[in-house]
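Below is input24.tsv, which holds TSV, C-alpha atoms.
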chain	number	residue	atom	x	y	z
J	4	MET	CA	23.48	213.29	38.41
J	5	LYS	CA	24.54	210.05	36.77
J	6	ARG	CA	22.03	208.30	34.52
J	7	ILE	CA	20.98	205.06	36.24
J	8	GLY	CA	20.92	201.76	34.34
J	9	LEU	CA	18.76	199.00	35.77
J	10	ILE	CA	18.55	195.33	34.78
J	11	GLY	CA	15.00	194.43	35.77
J	12	GLY	CA	12.20	191.99	35.13
J	13	LEU	CA	13.70	189.69	37.77
J	14	SER	CA	10.81	189.79	38.77
J	15	PRO	CA	8.59	192.65	37.53
J	16	GLU	CA	7.19	192.97	41.08
J	17	SER	CA	10.56	193.91	42.55
J	18	THR	CA	11.48	196.09	39.55
J	19	VAL	CA	8.39	198.21	40.16
J	20	HIS	CA	9.37	198.57	43.82
J	21	TYR	CA	12.90	199.68	42.94
J	22	TYR	CA	11.54	202.23	40.46
J	23	GLN	CA	9.14	203.64	43.03
J	24	ILE	CA	11.85	203.99	45.66
J	25	LEU	CA	14.26	205.71	43.28
J	26	CYS	CA	11.68	208.13	41.91
J	27	ARG	CA	9.93	208.98	45.15
J	28	GLU	CA	13.07	209.34	47.25
J	29	TYR	CA	14.74	211.55	44.64
J	30	ASN	CA	11.60	213.67	44.32
J	31	ARG	CA	11.39	213.97	48.11
J	32	ARG	CA	14.87	215.49	48.07
J	33	ALA	CA	14.64	217.57	44.90
J	34	GLY	CA	10.98	218.63	45.02
J	35	GLY	CA	8.82	219.86	42.17
J	36	LEU	CA	8.60	217.43	39.28
J	37	HIS	CA	12.20	216.30	39.52
J	38	PHE	CA	12.79	212.58	38.96
J	39	PRO	CA	16.00	210.65	38.21
J	40	GLU	CA	17.02	209.68	34.69
J	41	ILE	CA	16.71	205.90	34.48
J	42	VAL	CA	17.24	203.37	31.71
J	43	ILE	CA	15.66	199.93	32.31
J	44	GLU	CA	16.58	196.72	30.49
J	45	SER	CA	13.77	194.32	31.42
J	46	LEU	CA	14.66	190.65	30.97
J	47	ASN	CA	12.51	187.53	30.64
J	48	LEU	CA	12.67	185.94	34.09
J	49	GLN	CA	11.78	182.46	32.82
J	50	THR	CA	14.90	182.40	30.64
J	51	LEU	CA	17.11	183.08	33.64
J	52	VAL	CA	15.25	180.71	35.99
J	53	THR	CA	15.82	177.89	33.51
J	54	LEU	CA	19.54	178.64	33.67
J	55	PHE	CA	19.44	178.89	37.49
J	56	GLU	CA	17.94	175.42	37.66
J	57	LYS	CA	20.77	174.04	35.51
J	58	ASN	CA	23.44	175.92	37.47
J	59	ASP	CA	24.38	177.48	34.14
J	60	TRP	CA	25.95	180.65	35.51
J	61	ALA	CA	27.99	181.18	32.37
J	62	GLY	CA	24.70	181.44	30.52
J	63	VAL	CA	23.39	183.89	33.09
J	64	ALA	CA	26.58	185.93	32.75
J	65	SER	CA	26.16	186.09	28.97
J	66	ILE	CA	22.63	187.45	29.28
J	67	LEU	CA	23.67	190.01	31.88
J	68	LEU	CA	26.58	191.25	29.78
J	69	THR	CA	24.29	191.69	26.79
J	70	ALA	CA	21.91	193.69	28.97
J	71	LEU	CA	24.75	195.80	30.36
J	72	ASN	CA	25.97	196.66	26.88
J	73	ARG	CA	22.46	197.72	25.89
J	74	LEU	CA	22.24	199.95	28.95
J	75	LYS	CA	25.61	201.47	28.06
J	76	ASP	CA	24.45	202.12	24.51
J	77	ALA	CA	21.31	203.77	25.90
J	78	GLY	CA	23.39	206.25	27.87
J	79	ALA	CA	23.53	204.72	31.35
J	80	ASP	CA	26.52	205.79	33.46
J	81	PHE	CA	26.48	202.81	35.81
J	82	ALA	CA	24.26	199.79	36.40
J	83	ALA	CA	22.52	197.69	39.04
J	84	ILE	CA	21.02	194.20	38.76
J	85	LEU	CA	17.61	194.24	40.44
J	86	ALA	CA	17.62	190.75	41.92
J	87	ASN	CA	19.75	188.78	44.34
J	88	THR	CA	20.08	185.41	42.59
J	89	PRO	CA	21.70	186.63	39.33
J	90	HIS	CA	24.54	188.10	41.39
J	91	ASN	CA	25.90	184.57	41.64
J	92	ALA	CA	27.27	185.29	38.13
J	93	TYR	CA	28.86	188.58	39.18
J	94	GLU	CA	32.41	187.23	39.36
J	95	GLN	CA	32.04	186.04	35.75
J	96	ILE	CA	31.03	189.47	34.47
J	97	ARG	CA	32.95	191.93	36.64
J	98	ASN	CA	36.02	192.06	34.39
J	99	ASP	CA	34.01	192.36	31.16
J	100	THR	CA	31.27	194.77	32.18
J	101	PRO	CA	31.20	197.97	30.08
J	102	MET	CA	30.34	200.06	33.15
J	103	SER	CA	30.36	200.02	36.92
J	104	ILE	CA	27.95	197.70	38.71
J	105	LEU	CA	26.71	198.60	42.17
J	106	THR	CA	26.08	195.17	43.67
J	107	ILE	CA	23.40	194.20	46.14
J	108	MET	CA	25.98	192.33	48.25
J	109	ASP	CA	28.23	195.35	48.81
J	110	ALA	CA	25.28	197.63	49.56
J	111	THR	CA	23.92	195.19	52.14
J	112	ALA	CA	27.32	194.49	53.70
J	113	ALA	CA	27.91	198.23	54.13
J	114	ALA	CA	24.60	198.57	56.01
J	115	LEU	CA	25.43	195.62	58.27
J	116	LYS	CA	28.92	196.88	59.01
J	117	ARG	CA	27.62	200.33	59.83
J	118	ASP	CA	25.20	198.79	62.34
J	119	ARG	CA	27.89	196.47	63.75
J	120	ARG	CA	26.04	193.26	62.95
J	121	ASN	CA	28.35	190.26	63.35
J	122	LYS	CA	26.03	187.28	62.86
J	123	VAL	CA	23.08	187.37	60.47
J	124	ALA	CA	20.49	185.08	58.90
J	125	LEU	CA	20.15	185.02	55.11
J	126	LEU	CA	16.80	184.27	53.46
J	127	GLY	CA	16.23	184.04	49.71
J	128	THR	CA	16.12	181.58	46.84
J	129	LYS	CA	18.14	178.38	47.10
J	130	PRO	CA	20.98	179.74	44.93
J	131	THR	CA	21.16	182.86	47.09
J	132	MET	CA	21.23	180.88	50.32
J	133	GLU	CA	23.47	178.06	49.11
J	134	PHE	CA	25.95	179.34	46.51
J	135	GLY	CA	27.82	181.70	48.81
J	136	PHE	CA	28.07	185.03	46.98
J	137	PHE	CA	26.54	186.90	49.93
J	138	GLN	CA	28.50	184.84	52.45
J	139	LYS	CA	31.78	185.63	50.70
J	140	THR	CA	31.16	189.37	50.80
J	141	PHE	CA	29.95	189.26	54.40
J	142	ALA	CA	32.89	187.10	55.56
J	143	ALA	CA	35.34	189.60	54.10
J	144	MET	CA	33.83	192.17	56.47
J	145	GLY	CA	33.86	189.84	59.50
J	146	ILE	CA	30.15	188.94	59.37
J	147	GLU	CA	29.00	185.33	59.96
J	148	THR	CA	26.01	184.09	57.94
J	149	ARG	CA	23.44	181.41	58.80
J	150	VAL	CA	20.69	179.97	56.57
J	151	PRO	CA	17.55	177.89	57.31
J	152	ALA	CA	17.51	174.08	57.37
J	153	THR	CA	17.30	172.22	54.05
J	154	ALA	CA	13.54	171.62	54.10
J	155	GLN	CA	12.92	175.27	54.95
J	156	ARG	CA	15.24	176.42	52.16
J	157	ASN	CA	13.27	174.29	49.69
J	158	GLU	CA	9.98	175.74	50.89
J	159	LEU	CA	11.20	179.33	50.75
J	160	ASP	CA	12.49	178.78	47.21
J	161	ARG	CA	9.05	177.49	46.21
J	162	ILE	CA	7.33	180.48	47.82
J	163	VAL	CA	9.51	182.92	45.88
J	164	TRP	CA	9.07	181.35	42.44
J	165	GLU	CA	5.49	180.10	42.66
J	166	GLU	CA	3.91	182.89	44.69
J	167	LEU	CA	5.85	186.11	45.25
J	168	SER	CA	7.17	186.40	41.70
J	169	HIS	CA	3.51	186.52	40.61
J	170	GLY	CA	2.55	189.07	43.26
J	171	THR	CA	0.79	186.44	45.42
J	172	THR	CA	1.14	186.53	49.22
J	173	ARG	CA	-0.35	183.83	51.47
J	174	THR	CA	-0.75	183.73	55.22
J	175	SER	CA	0.57	180.17	55.36
J	176	SER	CA	3.75	181.26	53.59
J	177	ARG	CA	4.18	184.21	55.95
J	178	ASP	CA	3.80	181.84	58.92
J	179	ALA	CA	6.40	179.49	57.45
J	180	MET	CA	8.84	182.35	57.01
J	181	LYS	CA	8.23	183.58	60.55
J	182	GLN	CA	9.07	180.09	61.82
J	183	MET	CA	12.34	180.15	59.87
J	184	ILE	CA	13.27	183.42	61.56
J	185	THR	CA	12.36	182.03	64.99
J	186	ASP	CA	14.55	178.96	64.41
J	187	LEU	CA	17.48	181.09	63.26
J	188	GLU	CA	17.08	183.41	66.24
J	189	LYS	CA	17.77	180.39	68.45
J	190	GLU	CA	21.15	180.09	66.71
J	191	GLY	CA	22.11	183.54	67.93
J	192	VAL	CA	21.69	185.65	64.80
J	193	GLU	CA	21.39	189.39	65.36
J	194	ALA	CA	19.46	190.34	62.23
J	195	VAL	CA	17.74	188.86	59.17
J	196	ILE	CA	18.71	189.61	55.58
J	197	LEU	CA	15.75	189.52	53.19
J	198	GLY	CA	18.00	188.36	50.36
J	199	CYS	CA	15.30	188.20	47.73
J	200	THR	CA	13.81	191.34	46.27
J	201	GLU	CA	10.26	189.96	46.68
J	202	LEU	CA	10.47	188.93	50.34
J	203	SER	CA	9.53	192.38	51.60
J	204	LEU	CA	6.14	191.78	49.97
J	205	LEU	CA	5.56	188.91	52.41
J	206	ILE	CA	7.05	189.93	55.75
J	207	GLN	CA	7.37	193.16	57.67
J	208	GLU	CA	9.24	194.32	60.77
J	209	SER	CA	6.17	193.62	62.90
J	210	ASP	CA	6.49	189.93	61.97
J	211	SER	CA	9.96	189.55	63.50
J	212	ARG	CA	11.63	190.26	66.83
J	213	LEU	CA	14.91	190.63	64.94
J	214	PRO	CA	15.71	193.64	62.71
J	215	LEU	CA	15.07	192.98	59.03
J	216	TYR	CA	17.42	194.21	56.31
J	217	ASP	CA	15.49	194.44	53.06
J	218	THR	CA	18.03	194.17	50.25
J	219	THR	CA	15.62	195.84	47.83
J	220	GLY	CA	15.39	199.03	49.87
J	221	ILE	CA	19.05	199.03	50.84
J	222	HIS	CA	20.17	198.50	47.24
J	223	ALA	CA	17.80	201.13	45.85
J	224	GLU	CA	18.98	203.71	48.37
J	225	ALA	CA	22.62	202.92	47.54
J	226	ILE	CA	21.89	203.26	43.82
J	227	LEU	CA	20.41	206.72	44.34
J	228	GLU	CA	23.25	207.82	46.63
J	229	PHE	CA	25.83	206.76	44.05
J	230	ALA	CA	23.94	208.43	41.21
J	231	LEU	CA	24.04	211.70	43.12
J	232	GLN	CA	27.79	211.62	43.65
J	233	ASP	CA	30.02	213.75	41.45
J	234	GLN	CA	33.07	211.54	41.13
J	235	ALA	CA	33.48	209.16	38.21
J	236	ALA	CA	32.57	205.53	38.91
J	237	ASP	CA	35.06	202.68	38.96
J	238	LYS	CA	34.14	199.16	37.90
J	239	ASP	CA	34.55	197.96	41.49
J	240	ILE	CA	32.54	200.33	43.66
J	241	PRO	CA	33.80	200.25	47.28
J	242	PRO	CA	31.16	200.18	50.03
J	243	GLU	CA	32.26	203.52	51.49
J	244	LEU	CA	30.99	205.32	48.38
J	245	PHE	CA	27.38	204.93	49.42
J	246	SER	CA	25.37	205.18	52.61
J	247	PRO	CA	22.27	202.97	52.45
J	248	VAL	CA	19.79	203.99	55.11
J	249	CYS	CA	16.68	201.99	54.21
J	250	TYR	CA	15.73	198.66	55.78
J	251	MET	CA	11.97	198.07	55.70
J	252	LYS	CA	11.11	201.67	54.86
J	253	ASP	CA	7.65	202.02	53.34
J	254	PHE	CA	7.66	204.33	50.32
J	255	THR	CA	4.05	203.67	49.36
J	256	ASP	CA	2.81	206.96	50.74
J	257	ALA	CA	6.03	208.92	50.29

Full structure transcribed into structure tokens:
Amino acid sequence: MKRIGLIGGLSPESTVHYYQILCREYNRRAGGLHFPEIVIESLNLQTLVTLFEKNDWAGVASILLTALNRLKDAGADFAAILANTPHNAYEQIRNDTPMSILTIMDATAAALKRDRRNKVALLGTKPTMEFGFFQKTFAAMGIETRVPATAQRNELDRIVWEELSHGTTRTSSRDAMKQMITDLEKEGVEAVILGCTELSLLIQESDSRLPLYDTTGIHAEAILEFALQDQAADKDIPPELFSPVCYMKDFTDA
């Protein structure tokens, strides 16, 4: 099994969830006291958020490359960035990364393609919804992407940074998110992408008539699948190398 390298802290809430999924799902398969070998580089979220707000993606790329080199030095065989928004800097780091990166976009696109989804809604932070890194990957696979209206995007961004990143969930915020999904359903979307690793803390399948694709669960499953493969990793990991099977799967009692 490959040693997994994780760039976390973005936020700590989602990093904990990734870690639980990886450990519990691997133990479910392997039994006993078997758990995966994981190296975590936990970053200071405030440092990156300040750069997000300035649209300083070169600065984000620099921090990510430093973290990737530390993971490599610690013995990681490949890496994953445990947040959606920092992936906006992926194109700036992909040629300089010291190891393969399994991206959240490719993992999610593979799940959508497998399920033959052609038109989806994307929810997340403003950079995730507006800067196009998900849309570019989806479009290359023939998938159309819709996002909420401007005012709703602003409110969802606030909910992520001011509430969910601190582990806070509010009924009013859940209701606002449910309204976003209802509005997007009227535009003909077939499924909803929870494109922020904290959104699954706020909304569940029972809150939506449309299927929800939780990028945290999908990405974590893809990370484990890739770690269990025998072949050496390339810097650009094609979607067919993993088979994400988790949407809103609850691992709490696994």

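Summary of the local environment: counting all atoms listed in the file, residues at most 8 Å from range 19-23 of chain J, other than itself and those fewer than 5 positions away along its chain, are Leu85, Thr219, Gly220, Ala223 and Phe254 of chain J.
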
When distances are computed from only C-alpha atoms, which of J:Asn58, J:Ile146, J:Glu188, J:Lys181 shows the smallest separation from Glu208 in chain J?
->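 The closest residue to Glu208 in chain J is J:Lys181.
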
J:Leu159, J:Ile7, J:Val195, J:Val52 ranked by distance to Phe38 in chain J, top pick (using only C-alpha atoms) |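 Answer, going by the shortest atom-to-atom distance: J:Ile7.
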
List the neighbours of Ala70 in chain J out to 8 Å using all atoms listed in the file; skip same-chain residues closer than 4 positions along the sequence, and give me the result as number ranges by chain.
-> J: 10, 44, 66, 74

Å distance separating CA of Leu231 in chain J from CA of Arg119 in chain J, one decimal place | 25.9 Å
